[in-house]
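Structure file run19.txt with compact mmCIF, C-alpha atoms:
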# COMPACT_ATOMS: atom_id res chain seq x y z
CA MET A 1 -104.34 -50.63 -85.82
CA ARG A 2 -101.87 -52.30 -83.43
CA ARG A 3 -98.97 -50.20 -82.14
CA LEU A 4 -96.06 -52.68 -81.99
CA PRO A 5 -92.30 -52.21 -81.70
CA PRO A 6 -90.11 -53.66 -84.48
CA LEU A 7 -90.31 -57.46 -84.46
CA GLY A 8 -86.52 -57.77 -84.61
CA ALA A 9 -86.20 -55.75 -81.43
CA LEU A 10 -88.79 -57.95 -79.69
CA ARG A 11 -86.95 -61.12 -80.73
CA ALA A 12 -83.63 -59.68 -79.56
CA PHE A 13 -85.05 -58.73 -76.16
CA GLU A 14 -86.86 -62.06 -75.66
CA ALA A 15 -83.73 -64.07 -76.46
CA ALA A 16 -81.47 -61.88 -74.32
CA ALA A 17 -83.95 -61.99 -71.44
CA ARG A 18 -84.27 -65.79 -71.57
CA HIS A 19 -80.50 -66.27 -71.51
CA LEU A 20 -79.68 -63.18 -69.45
CA SER A 21 -76.87 -62.80 -71.94
CA PHE A 22 -76.48 -60.68 -75.07
CA THR A 23 -73.77 -63.07 -76.28
CA ARG A 24 -75.94 -66.19 -76.15
CA ALA A 25 -78.88 -64.29 -77.66
CA ALA A 26 -76.62 -63.27 -80.55
CA MET A 27 -75.58 -66.90 -81.06
CA GLU A 28 -79.21 -68.07 -81.06
CA LEU A 29 -80.33 -65.45 -83.58
CA CYS A 30 -77.13 -65.62 -85.69
CA VAL A 31 -76.34 -61.92 -85.34
CA THR A 32 -73.62 -59.96 -83.57
CA GLN A 33 -73.71 -59.02 -79.90
CA ALA A 34 -73.65 -55.38 -80.96
CA ALA A 35 -76.82 -55.93 -83.00
CA ILE A 36 -78.61 -57.40 -79.96
CA SER A 37 -77.49 -54.48 -77.81
CA HIS A 38 -78.65 -51.97 -80.43
CA GLN A 39 -82.06 -53.62 -80.83
CA VAL A 40 -82.62 -53.81 -77.07
CA ARG A 41 -81.76 -50.10 -76.72
CA GLN A 42 -84.13 -49.36 -79.61
CA LEU A 43 -86.91 -51.26 -77.83
CA GLU A 44 -86.24 -49.51 -74.50
CA GLN A 45 -86.41 -46.14 -76.26
CA TRP A 46 -89.66 -47.13 -77.98
CA LEU A 47 -91.16 -48.20 -74.64
CA GLY A 48 -89.66 -45.33 -72.66
CA SER A 49 -88.54 -47.71 -69.93
CA PRO A 50 -85.38 -49.73 -69.17
CA LEU A 51 -85.74 -53.51 -69.43
CA PHE A 52 -82.29 -54.57 -68.19
CA GLU A 53 -79.97 -53.44 -65.45
CA ARG A 54 -76.34 -54.42 -64.94
CA ARG A 55 -75.19 -55.59 -61.53
CA GLY A 56 -71.44 -55.69 -61.93
CA HIS A 57 -70.83 -58.19 -64.73
CA VAL A 58 -74.27 -59.78 -64.28
CA LEU A 59 -77.19 -58.87 -66.53
CA ALA A 60 -80.57 -58.71 -64.76
CA LEU A 61 -84.12 -57.82 -65.77
CA THR A 62 -85.96 -54.90 -64.31
CA ARG A 63 -89.43 -55.56 -62.90
CA LYS A 64 -90.98 -54.32 -66.14
CA GLY A 65 -88.53 -56.46 -68.10
CA GLU A 66 -89.61 -59.58 -66.19
CA THR A 67 -93.29 -58.86 -66.86
CA TYR A 68 -92.62 -58.14 -70.53
CA LEU A 69 -90.62 -61.37 -70.94
CA ASP A 70 -93.45 -63.49 -69.53
CA GLU A 71 -95.96 -61.99 -71.95
CA LEU A 72 -93.66 -62.07 -74.98
CA SER A 73 -92.66 -65.71 -74.40
CA LEU A 74 -96.32 -66.74 -74.43
CA ALA A 75 -96.90 -64.68 -77.58
CA PHE A 76 -93.90 -66.20 -79.39
CA ASP A 77 -95.00 -69.70 -78.32
CA ARG A 78 -98.45 -69.07 -79.81
CA MET A 79 -96.93 -67.71 -83.02
CA ALA A 80 -94.63 -70.73 -83.27
CA ALA A 81 -97.55 -73.12 -82.77
CA ALA A 82 -99.65 -71.29 -85.37
CA THR A 83 -96.73 -71.35 -87.81
CA GLU A 84 -96.28 -75.10 -87.34
CA ARG A 85 -99.93 -75.65 -88.15
CA VAL A 86 -99.80 -73.48 -91.27
CA ARG A 87 -96.55 -75.05 -92.50
CA GLU A 88 -98.17 -78.49 -92.13
CA ARG A 89 -94.95 -80.18 -91.11
CA ARG A 90 -96.95 -83.03 -89.59
CA ASP A 91 -96.17 -85.23 -92.59
CA GLY A 92 -92.42 -84.67 -92.38
CA PRO A 93 -90.08 -86.94 -90.42
CA LEU A 94 -89.93 -86.49 -86.66
CA ARG A 95 -86.45 -85.18 -85.85
CA ILE A 96 -84.95 -86.23 -82.52
CA THR A 97 -81.59 -85.28 -81.00
CA VAL A 98 -80.27 -87.63 -78.30
CA LEU A 99 -77.18 -87.90 -76.11
CA PRO A 100 -74.86 -90.54 -77.68
CA SER A 101 -74.67 -92.63 -74.49
CA PHE A 102 -78.46 -92.62 -74.00
CA ALA A 103 -78.99 -93.40 -77.68
CA SER A 104 -76.67 -96.40 -77.87
CA ARG A 105 -77.31 -97.94 -74.44
CA TRP A 106 -81.03 -97.29 -74.01
CA LEU A 107 -82.99 -95.77 -76.88
CA LEU A 108 -81.80 -97.68 -79.96
CA PRO A 109 -82.57 -101.16 -78.55
CA ARG A 110 -86.14 -99.96 -77.87
CA LEU A 111 -86.87 -98.15 -81.12
CA PRO A 112 -88.14 -101.31 -82.88
CA ALA A 113 -90.95 -101.40 -80.31
CA PHE A 114 -91.88 -97.83 -81.23
CA ARG A 115 -91.79 -98.70 -84.93
CA GLU A 116 -94.05 -101.68 -84.30
CA ARG A 117 -96.55 -99.51 -82.44
CA HIS A 118 -96.35 -96.58 -84.89
CA PRO A 119 -95.29 -97.88 -88.32
CA GLU A 120 -96.78 -94.76 -89.92
CA ILE A 121 -94.30 -92.39 -88.21
CA GLU A 122 -91.05 -91.62 -89.98
CA PHE A 123 -88.31 -90.33 -87.71
CA ARG A 124 -84.65 -89.36 -87.77
CA VAL A 125 -82.36 -89.72 -84.75
CA SER A 126 -79.21 -87.66 -84.38
CA SER A 127 -76.75 -88.04 -81.50
CA ALA A 128 -75.09 -84.97 -80.02
CA THR A 129 -73.82 -83.78 -76.65
CA ARG A 130 -74.03 -80.04 -77.29
CA LEU A 131 -76.79 -78.01 -75.70
CA TRP A 132 -79.93 -77.88 -77.82
CA GLU A 133 -81.90 -74.67 -77.46
CA GLY A 134 -85.07 -75.57 -79.32
CA ASN A 135 -84.25 -74.22 -82.78
CA ASP A 136 -85.83 -75.54 -85.99
CA GLU A 137 -83.15 -78.20 -86.46
CA PHE A 138 -85.01 -80.76 -84.31
CA ASP A 139 -88.48 -81.39 -82.89
CA LEU A 140 -87.53 -83.19 -79.67
CA GLY A 141 -84.36 -83.63 -77.65
CA ILE A 142 -83.21 -86.00 -74.91
CA ARG A 143 -80.66 -84.40 -72.62
CA SER A 144 -79.16 -84.80 -69.16
CA GLY A 145 -79.53 -81.95 -66.72
CA LEU A 146 -81.50 -80.36 -63.91
CA GLY A 147 -84.68 -79.92 -65.93
CA ARG A 148 -84.27 -76.22 -66.68
CA TRP A 149 -83.89 -75.20 -70.32
CA PRO A 150 -84.98 -71.59 -70.95
CA GLY A 151 -87.84 -71.41 -73.40
CA LEU A 152 -88.35 -75.20 -73.55
CA LYS A 153 -90.67 -77.66 -71.86
CA ALA A 154 -88.97 -80.56 -70.05
CA ASP A 155 -90.49 -83.92 -69.08
CA LEU A 156 -88.56 -86.15 -66.69
CA VAL A 157 -87.65 -89.42 -68.40
CA ALA A 158 -85.71 -91.03 -65.55
CA ARG A 159 -83.53 -90.17 -62.61
CA GLU A 160 -80.03 -91.56 -62.66
CA TYR A 161 -78.26 -93.60 -60.00
CA LEU A 162 -74.63 -94.76 -59.98
CA SER A 163 -72.99 -97.81 -58.44
CA PRO A 164 -69.94 -99.98 -59.24
CA VAL A 165 -70.60 -102.60 -61.94
CA CYS A 166 -68.38 -105.11 -63.71
CA HIS A 167 -68.36 -108.41 -65.60
CA PRO A 168 -69.52 -111.35 -63.41
CA ASP A 169 -66.16 -113.15 -63.80
CA LEU A 170 -64.28 -110.14 -62.49
CA ALA A 171 -66.62 -109.91 -59.51
CA GLN A 172 -65.96 -113.57 -58.61
CA GLY A 173 -62.20 -113.14 -58.84
CA PRO A 174 -59.67 -113.93 -57.84
CA PRO A 175 -59.57 -111.63 -56.05
CA ALA A 176 -63.28 -111.71 -55.21
CA LEU A 177 -64.89 -108.28 -54.93
CA THR A 178 -67.00 -108.68 -51.81
CA GLU A 179 -66.60 -105.27 -50.15
CA PRO A 180 -65.81 -101.75 -51.35
CA ALA A 181 -62.19 -101.88 -50.12
CA ASP A 182 -61.57 -104.71 -52.63
CA LEU A 183 -61.85 -102.18 -55.46
CA ALA A 184 -58.26 -101.17 -54.65
CA LYS A 185 -57.19 -104.50 -56.22
CA VAL A 186 -58.73 -103.93 -59.67
CA MET A 187 -58.69 -101.43 -62.52
CA LEU A 188 -61.18 -98.58 -62.17
CA LEU A 189 -62.94 -97.26 -65.26
CA HIS A 190 -63.85 -93.57 -65.37
CA ASP A 191 -66.10 -91.40 -67.47
CA GLU A 192 -66.27 -87.64 -67.11
CA PRO A 193 -66.20 -86.19 -64.53
CA ARG A 194 -64.23 -88.36 -62.07
CA ALA A 195 -65.81 -86.55 -59.12
CA ALA A 196 -68.64 -89.12 -59.06
CA TRP A 197 -66.22 -91.86 -57.93
CA ARG A 198 -65.04 -89.62 -55.07
CA LEU A 199 -68.62 -89.00 -53.93
CA TRP A 200 -69.42 -92.71 -54.09
CA CYS A 201 -66.30 -93.55 -52.02
CA GLU A 202 -67.33 -91.02 -49.37
CA LEU A 203 -70.78 -92.60 -49.23
CA ALA A 204 -69.34 -96.12 -49.02
CA GLY A 205 -66.72 -95.12 -46.43
CA VAL A 206 -63.76 -96.31 -48.47
CA SER A 207 -60.54 -94.67 -49.67
CA LEU A 208 -59.32 -95.53 -53.18
CA ASP A 209 -56.61 -94.21 -55.47
CA LEU A 210 -58.87 -92.48 -57.97
CA GLU A 211 -55.93 -91.25 -60.07
CA GLN A 212 -55.38 -94.77 -61.40
CA GLY A 213 -57.53 -96.40 -64.03
CA VAL A 214 -58.69 -95.72 -67.57
CA GLN A 215 -60.59 -92.59 -68.62
CA PHE A 216 -63.38 -92.65 -71.22
CA SER A 217 -65.14 -89.67 -72.77
CA ASP A 218 -68.58 -91.29 -72.86
CA ALA A 219 -70.73 -93.23 -70.37
CA ALA A 220 -71.60 -95.85 -72.99
CA LEU A 221 -67.92 -96.60 -73.63
CA VAL A 222 -67.15 -97.08 -69.95
CA LEU A 223 -70.07 -99.52 -69.58
CA GLN A 224 -68.96 -101.46 -72.65
CA ALA A 225 -65.44 -101.69 -71.24
CA ALA A 226 -66.86 -102.99 -67.95
CA ALA A 227 -68.98 -105.60 -69.77
CA ASP A 228 -65.84 -106.70 -71.64
CA GLY A 229 -64.07 -107.34 -68.33
CA ALA A 230 -61.65 -104.41 -68.48
CA GLY A 231 -62.37 -103.25 -64.93
CA VAL A 232 -64.99 -101.80 -62.61
CA ALA A 233 -67.08 -98.82 -63.72
CA LEU A 234 -69.18 -96.49 -61.63
CA GLY A 235 -72.10 -97.42 -63.83
CA ARG A 236 -75.12 -95.30 -64.63
CA LEU A 237 -77.74 -97.87 -63.66
CA LEU A 238 -80.36 -96.71 -66.17
CA LEU A 239 -77.92 -97.11 -69.06
CA ALA A 240 -76.66 -100.39 -67.61
CA ALA A 241 -80.16 -101.81 -67.01
CA ASP A 242 -80.29 -104.15 -70.02
CA ASP A 243 -76.81 -105.56 -69.31
CA LEU A 244 -77.67 -106.03 -65.63
CA ARG A 245 -80.86 -107.93 -66.51
CA ALA A 246 -79.00 -110.09 -69.04
CA GLY A 247 -76.16 -110.87 -66.63
CA ARG A 248 -73.47 -109.19 -68.75
CA LEU A 249 -72.87 -106.86 -65.81
CA VAL A 250 -73.40 -107.23 -62.08
CA GLN A 251 -73.90 -104.52 -59.47
CA LEU A 252 -71.28 -105.15 -56.81
CA PHE A 253 -72.56 -103.34 -53.71
CA ASP A 254 -75.71 -101.94 -52.12
CA THR A 255 -74.35 -98.40 -51.95
CA VAL A 256 -75.95 -96.24 -54.67
CA LEU A 257 -75.14 -92.62 -55.48
CA ALA A 258 -78.00 -90.47 -56.76
CA ASN A 259 -76.80 -88.34 -59.65
CA ASP A 260 -77.79 -84.66 -59.56
CA TYR A 261 -78.49 -84.81 -63.31
CA SER A 262 -81.44 -86.74 -64.72
CA TYR A 263 -82.61 -87.55 -68.25
CA TRP A 264 -85.22 -85.23 -69.73
CA LEU A 265 -87.25 -84.97 -72.91
CA VAL A 266 -87.04 -81.32 -73.96
CA TYR A 267 -88.97 -79.55 -76.69
CA PRO A 268 -90.56 -76.25 -77.72
CA ARG A 269 -94.20 -76.03 -76.65
CA ALA A 270 -95.20 -75.92 -80.31
CA ALA A 271 -93.68 -79.37 -80.97
CA LEU A 272 -96.58 -81.21 -79.36
CA GLN A 273 -98.93 -79.71 -81.92
CA ARG A 274 -97.59 -82.54 -84.09
CA PRO A 275 -99.33 -85.85 -83.37
CA GLN A 276 -96.09 -87.71 -84.18
CA ALA A 277 -94.23 -85.80 -81.46
CA MET A 278 -96.99 -86.46 -78.94
CA ALA A 279 -96.96 -90.17 -79.82
CA PHE A 280 -93.18 -90.39 -79.32
CA ARG A 281 -93.35 -88.47 -76.05
CA ASN A 282 -96.06 -90.72 -74.61
CA TRP A 283 -94.27 -93.89 -75.74
CA LEU A 284 -90.90 -92.74 -74.37
CA LEU A 285 -92.24 -91.85 -70.92
CA GLN A 286 -94.19 -95.10 -70.70
CA GLU A 287 -91.19 -97.15 -71.83
CA ALA A 288 -88.91 -95.43 -69.34
CA GLN A 289 -91.34 -96.14 -66.52
CA GLN A 290 -91.51 -99.84 -67.41
CA ALA A 291 -87.77 -100.24 -68.01
CA ARG A 292 -86.61 -98.44 -64.89
CA LEU A 293 -84.57 -100.52 -62.48
CA PRO A 294 -85.15 -99.68 -58.82
CA PRO A 295 -81.95 -98.76 -56.99
CA HIS A 296 -80.29 -101.71 -55.28
CA PRO A 297 -81.44 -101.73 -51.64
CA GLY A 298 -78.95 -100.08 -49.36
CA LYS A 299 -77.41 -96.68 -48.95
CA VAL A 300 -78.68 -94.08 -51.40
CA ALA A 301 -77.51 -90.47 -51.38
With the file now loaded, output its structure as C-alpha cells.
Amino acid sequence: MRRLPPLGALRAFEAAARHLSFTRAAMELCVTQAAISHQVRQLEQWLGSPLFERRGHVLALTRKGETYLDELSLAFDRMAAATERVRERRDGPLRITVLPSFASRWLLPRLPAFRERHPEIEFRVSSATRLWEGNDEFDLGIRSGLGRWPGLKADLVAREYLSPVCHPDLAQGPPALTEPADLAKVMLLHDEPRAAWRLWCELAGVSLDLEQGVQFSDAALVLQAAADGAGVALGRLLLAADDLRAGRLVQLFDTVLANDYSYWLVYPRAALQRPQAMAFRNWLLQEAQQARLPPHPGKVA
C-alpha cells in the first residue's frame, strides 16, 4: 500500500513551487492564499522537512523542495497525460489561444492552408493577451516572451525584429525619407512600450522627439495605421511580412533592432498526446519557417 500525503497538499506545493508564490498558486487552483499556506505546512509536517525558506520577501525552495518539485512535476505530467487518454478528448475541437496581433496579422491569413491540409480537424481560436498558464481552458497557446513558462513546454515559432516601415507613398515624399534623421519630418506611430523606438534610435545614431506621434495599444493596429499612410511605425517585421511582400508597406532603412521577446507555441506536455495538437504544432512551425523574412541587411542589435 502506497504511503502518500494528501493530494491537495501535493497540488498546493507543486503550484507554489513552480510560481515561487503562494498568491499565484492560489489563483491557479482557485483557492485562498491561506489555504495554500495551510496545505504546504501540512505537507511539510507530513514529510518532517521544510520545503520552502523565506529570504526577505522572496520565497525560495530548500534543496529538498527543489528535488521534490522535479519529481512531482513529472508525476503530475504523467497523470495529466493518462487522464487525457482516458477522457478521449481527441475527438473534441482543438482549442488555441493566440495574441490578438499575431492572430490578425499572421495566423488567420494562413489558417485556410491548415484547413486544406487537415480538413478533419475542428479547432477554435481565441485571442487574448493575458498570461496563459496551461489550464484546461485551451490545448495550445501562442505567446510572446523569453520562452520560459513554468510547467509548460515552449517551441520557438519565430524571433522578432523591428525596423521603421510605412506606406510607399509616404516613403517617397515629399519629403522623401532617405535617412533616419528624416523621420523627424513625419508622424511616428507607437505601440507599447515606446522604449523600442528609443533603442532603435540609439542603434541608428539619430535623435528624434519620441514624445510626439500617435499611441496604439496593439501591434496590429500600428501596422494597419502605417499601411493606411498615417505615419511611420517601428514595425514588427514578422507581423508586417505579408504587407512588405505585397508592397503595402516598405522597410525604410537597413538598421534592424532585435526584440528580446520572441513568439512561442506553449502547451502542457500532455497536449501532444492529441494527434490534432501535434498536427497543428508541426504545421505551425513549418509555416513559420517558410514565411520568415530575413532581417534587412545592415545593422542588427
Kindly provide the residues of range 57-173 of chain A that approach range 183-204 of chain A to within 9 Å, each paired with its closest atom pair and their distance in Å to one decimal, based on all atoms listed in the file, listed by chain and increasing number, as CSV.
residue,atom,partner,partner_atom,distance
A:Leu162,CA,A:Trp200,CA,8.1
A:Ser163,CA,A:Trp200,CA,7.6
A:Pro164,CA,A:Trp200,CA,8.9
A:Leu170,CA,A:Val186,CA,8.8
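For the set A:Gly147, A:Gly56, A:Gly141, A:Gly205, the residue with the smallest atom-to-atom gap to Ala128 in chain A is A:Gly141, counting all atoms listed in the file.
Using all atoms listed in the file, the shortest contact distance between Asp260 in chain A and any of A:Arg245, A:Lys64, A:Arg159, A:Arg54 is found at A:Arg159.
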So the first atom is CA of Asp228 in chain A and the second is CA of Ser126 in chain A; what is the distance between them in Å, to one decimal place? 26.5 Å
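Omitting Gln224 in chain A and its sequence neighbours fewer than 5 positions away, and counting only C-alpha atoms, the residues within 10 Å are Arg105, Cys166, His167, Ala219, Gly229, Ala230, Ala233, Ala240, Asp243, Arg248 and Leu249 of chain A.
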In the coordinates of the file, take the point (-83.0, -102.8, -69.0) and a cut-off of 12 Å; then, counting only C-alpha atoms, name each qualifying protein, DNA or RNA residue as an NGL selection string. :A and (105-107 or 109-110 or 236-249 or 287-294)
Residues within 12 Å of Asn282 in chain A, please, as a PyMOL selection string. Count only C-alpha atoms; anything in the same chain fewer than 6 positions from it doesn't count. chain A and resi 114+117-118+155-157+265+272+275-276+288-289
Just want the 6 Å neighbourhood of Ala9 in chain A, counted on all atoms listed in the file, with same-chain residues fewer than 2 positions away dropped. Output as a PDB file with C-alpha atoms, keeping the file's coordinate frame.
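result.pdb, freshly written:
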ATOM      1  CA  PRO A   6     -90.110 -53.660 -84.480  1.00  0.00           C
ATOM      2  CA  LEU A   7     -90.310 -57.460 -84.460  1.00  0.00           C
ATOM      3  CA  ARG A  11     -86.950 -61.120 -80.730  1.00  0.00           C
ATOM      4  CA  ALA A  12     -83.630 -59.680 -79.560  1.00  0.00           C
ATOM      5  CA  GLN A  39     -82.060 -53.620 -80.830  1.00  0.00           C
ATOM      6  CA  VAL A  40     -82.620 -53.810 -77.070  1.00  0.00           C
ATOM      7  CA  LEU A  43     -86.910 -51.260 -77.830  1.00  0.00           C
TER       8      LEU A  43
END
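The space between CA of Ala103 in chain A and CA of Ala25 in chain A spans 29.1 Å.
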Dump as a Markdown table the rows for residues of range 254-282 of chain A within 8 Å of range 75-78 of chain A: closest atom pair and distance in Å with one decimal, all atoms listed in the file counted, ordered by chain and rising residue number.
| residue | atom | partner | partner_atom | distance |
| --- | --- | --- | --- | --- |
| A:Pro268 | CA | A:Asp77 | CA | 7.9 |
| A:Arg269 | CA | A:Asp77 | CA | 6.6 |
| A:Ala270 | CA | A:Asp77 | CA | 6.5 |
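Residue nearest Ala277 in chain A, chosen from A:Phe13, A:Trp149, A:Phe22, A:Phe138 and counting only C-alpha atoms: A:Phe138.
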Which one of A:Phe123, A:Ile36, A:Leu10, A:Leu20 sits closest to His57 in chain A if you count all atoms listed in the file? A:Leu20
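Atom to atom, CA of Leu284 in chain A and CA of Leu140 in chain A stand 11.4 Å apart.
Shortest separation to Ala258 in chain A among A:Leu221, A:Met79, A:Ala35, A:Ala158 occurs at residue A:Ala158, atoms counted being all atoms listed in the file.
Closest approach to Pro100 in chain A from the set A:Met278, A:Leu61, A:Leu285, A:Ile142 is made by A:Ile142, with distances taken over only C-alpha atoms.
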With only C-alpha atoms as the counted atoms, please give the residues lying no more than 12 Å from Asp182 in chain A, apart from itself and same-chain residues fewer than 6 positions off, as a VMD selection string. chain A and resid 164 170 to 176 188 206 to 209 232 252 to 253
List as a ChimeraX atom specification the protein and nucleic acid residues near Arg148 in chain A, meaning an atom at most 10 Å away when only C-alpha atoms are counted, but skip any in the same chain fewer than 4 places from it. /A:152-154,264,266
Complete the atom set of range 173-186 of chain A to N, CA and C atoms and return it as a CSV table (one decimal), in the coordinates of the input.
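Okay, out12.csv is ready:
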chain,number,residue,atom,x,y,z
A,173,GLY,N,-63.6,-113.1,-59.1
A,173,GLY,CA,-62.2,-113.1,-58.8
A,173,GLY,C,-61.5,-114.4,-59.4
A,174,PRO,N,-60.3,-114.7,-58.9
A,174,PRO,CA,-59.7,-113.9,-57.8
A,174,PRO,C,-59.0,-112.6,-58.3
A,175,PRO,N,-59.0,-111.6,-57.4
A,175,PRO,CA,-59.6,-111.6,-56.0
A,175,PRO,C,-61.1,-111.3,-56.1
A,176,ALA,N,-61.8,-112.0,-55.3
A,176,ALA,CA,-63.3,-111.7,-55.2
A,176,ALA,C,-63.6,-110.3,-54.7
A,177,LEU,N,-64.5,-109.6,-55.3
A,177,LEU,CA,-64.9,-108.3,-54.9
A,177,LEU,C,-66.1,-108.3,-54.0
A,178,THR,N,-65.9,-108.5,-52.8
A,178,THR,CA,-67.0,-108.7,-51.8
A,178,THR,C,-67.3,-107.5,-51.0
A,179,GLU,N,-66.4,-106.5,-50.9
A,179,GLU,CA,-66.6,-105.3,-50.2
A,179,GLU,C,-65.9,-104.1,-50.9
A,180,PRO,N,-66.3,-102.9,-50.6
A,180,PRO,CA,-65.8,-101.8,-51.4
A,180,PRO,C,-64.3,-101.6,-51.3
A,181,ALA,N,-63.7,-102.0,-50.2
A,181,ALA,CA,-62.2,-101.9,-50.1
A,181,ALA,C,-61.5,-102.8,-51.1
A,182,ASP,N,-62.2,-103.8,-51.6
A,182,ASP,CA,-61.6,-104.7,-52.6
A,182,ASP,C,-61.4,-104.0,-54.0
A,183,LEU,N,-62.0,-102.9,-54.2
A,183,LEU,CA,-61.8,-102.2,-55.5
A,183,LEU,C,-60.4,-101.7,-55.6
A,184,ALA,N,-59.7,-101.6,-54.5
A,184,ALA,CA,-58.3,-101.2,-54.6
A,184,ALA,C,-57.4,-102.2,-55.4
A,185,LYS,N,-58.0,-103.4,-55.6
A,185,LYS,CA,-57.2,-104.5,-56.2
A,185,LYS,C,-57.4,-104.6,-57.7
A,186,VAL,N,-58.4,-103.8,-58.3
A,186,VAL,CA,-58.7,-103.9,-59.7
A,186,VAL,C,-58.6,-102.6,-60.4
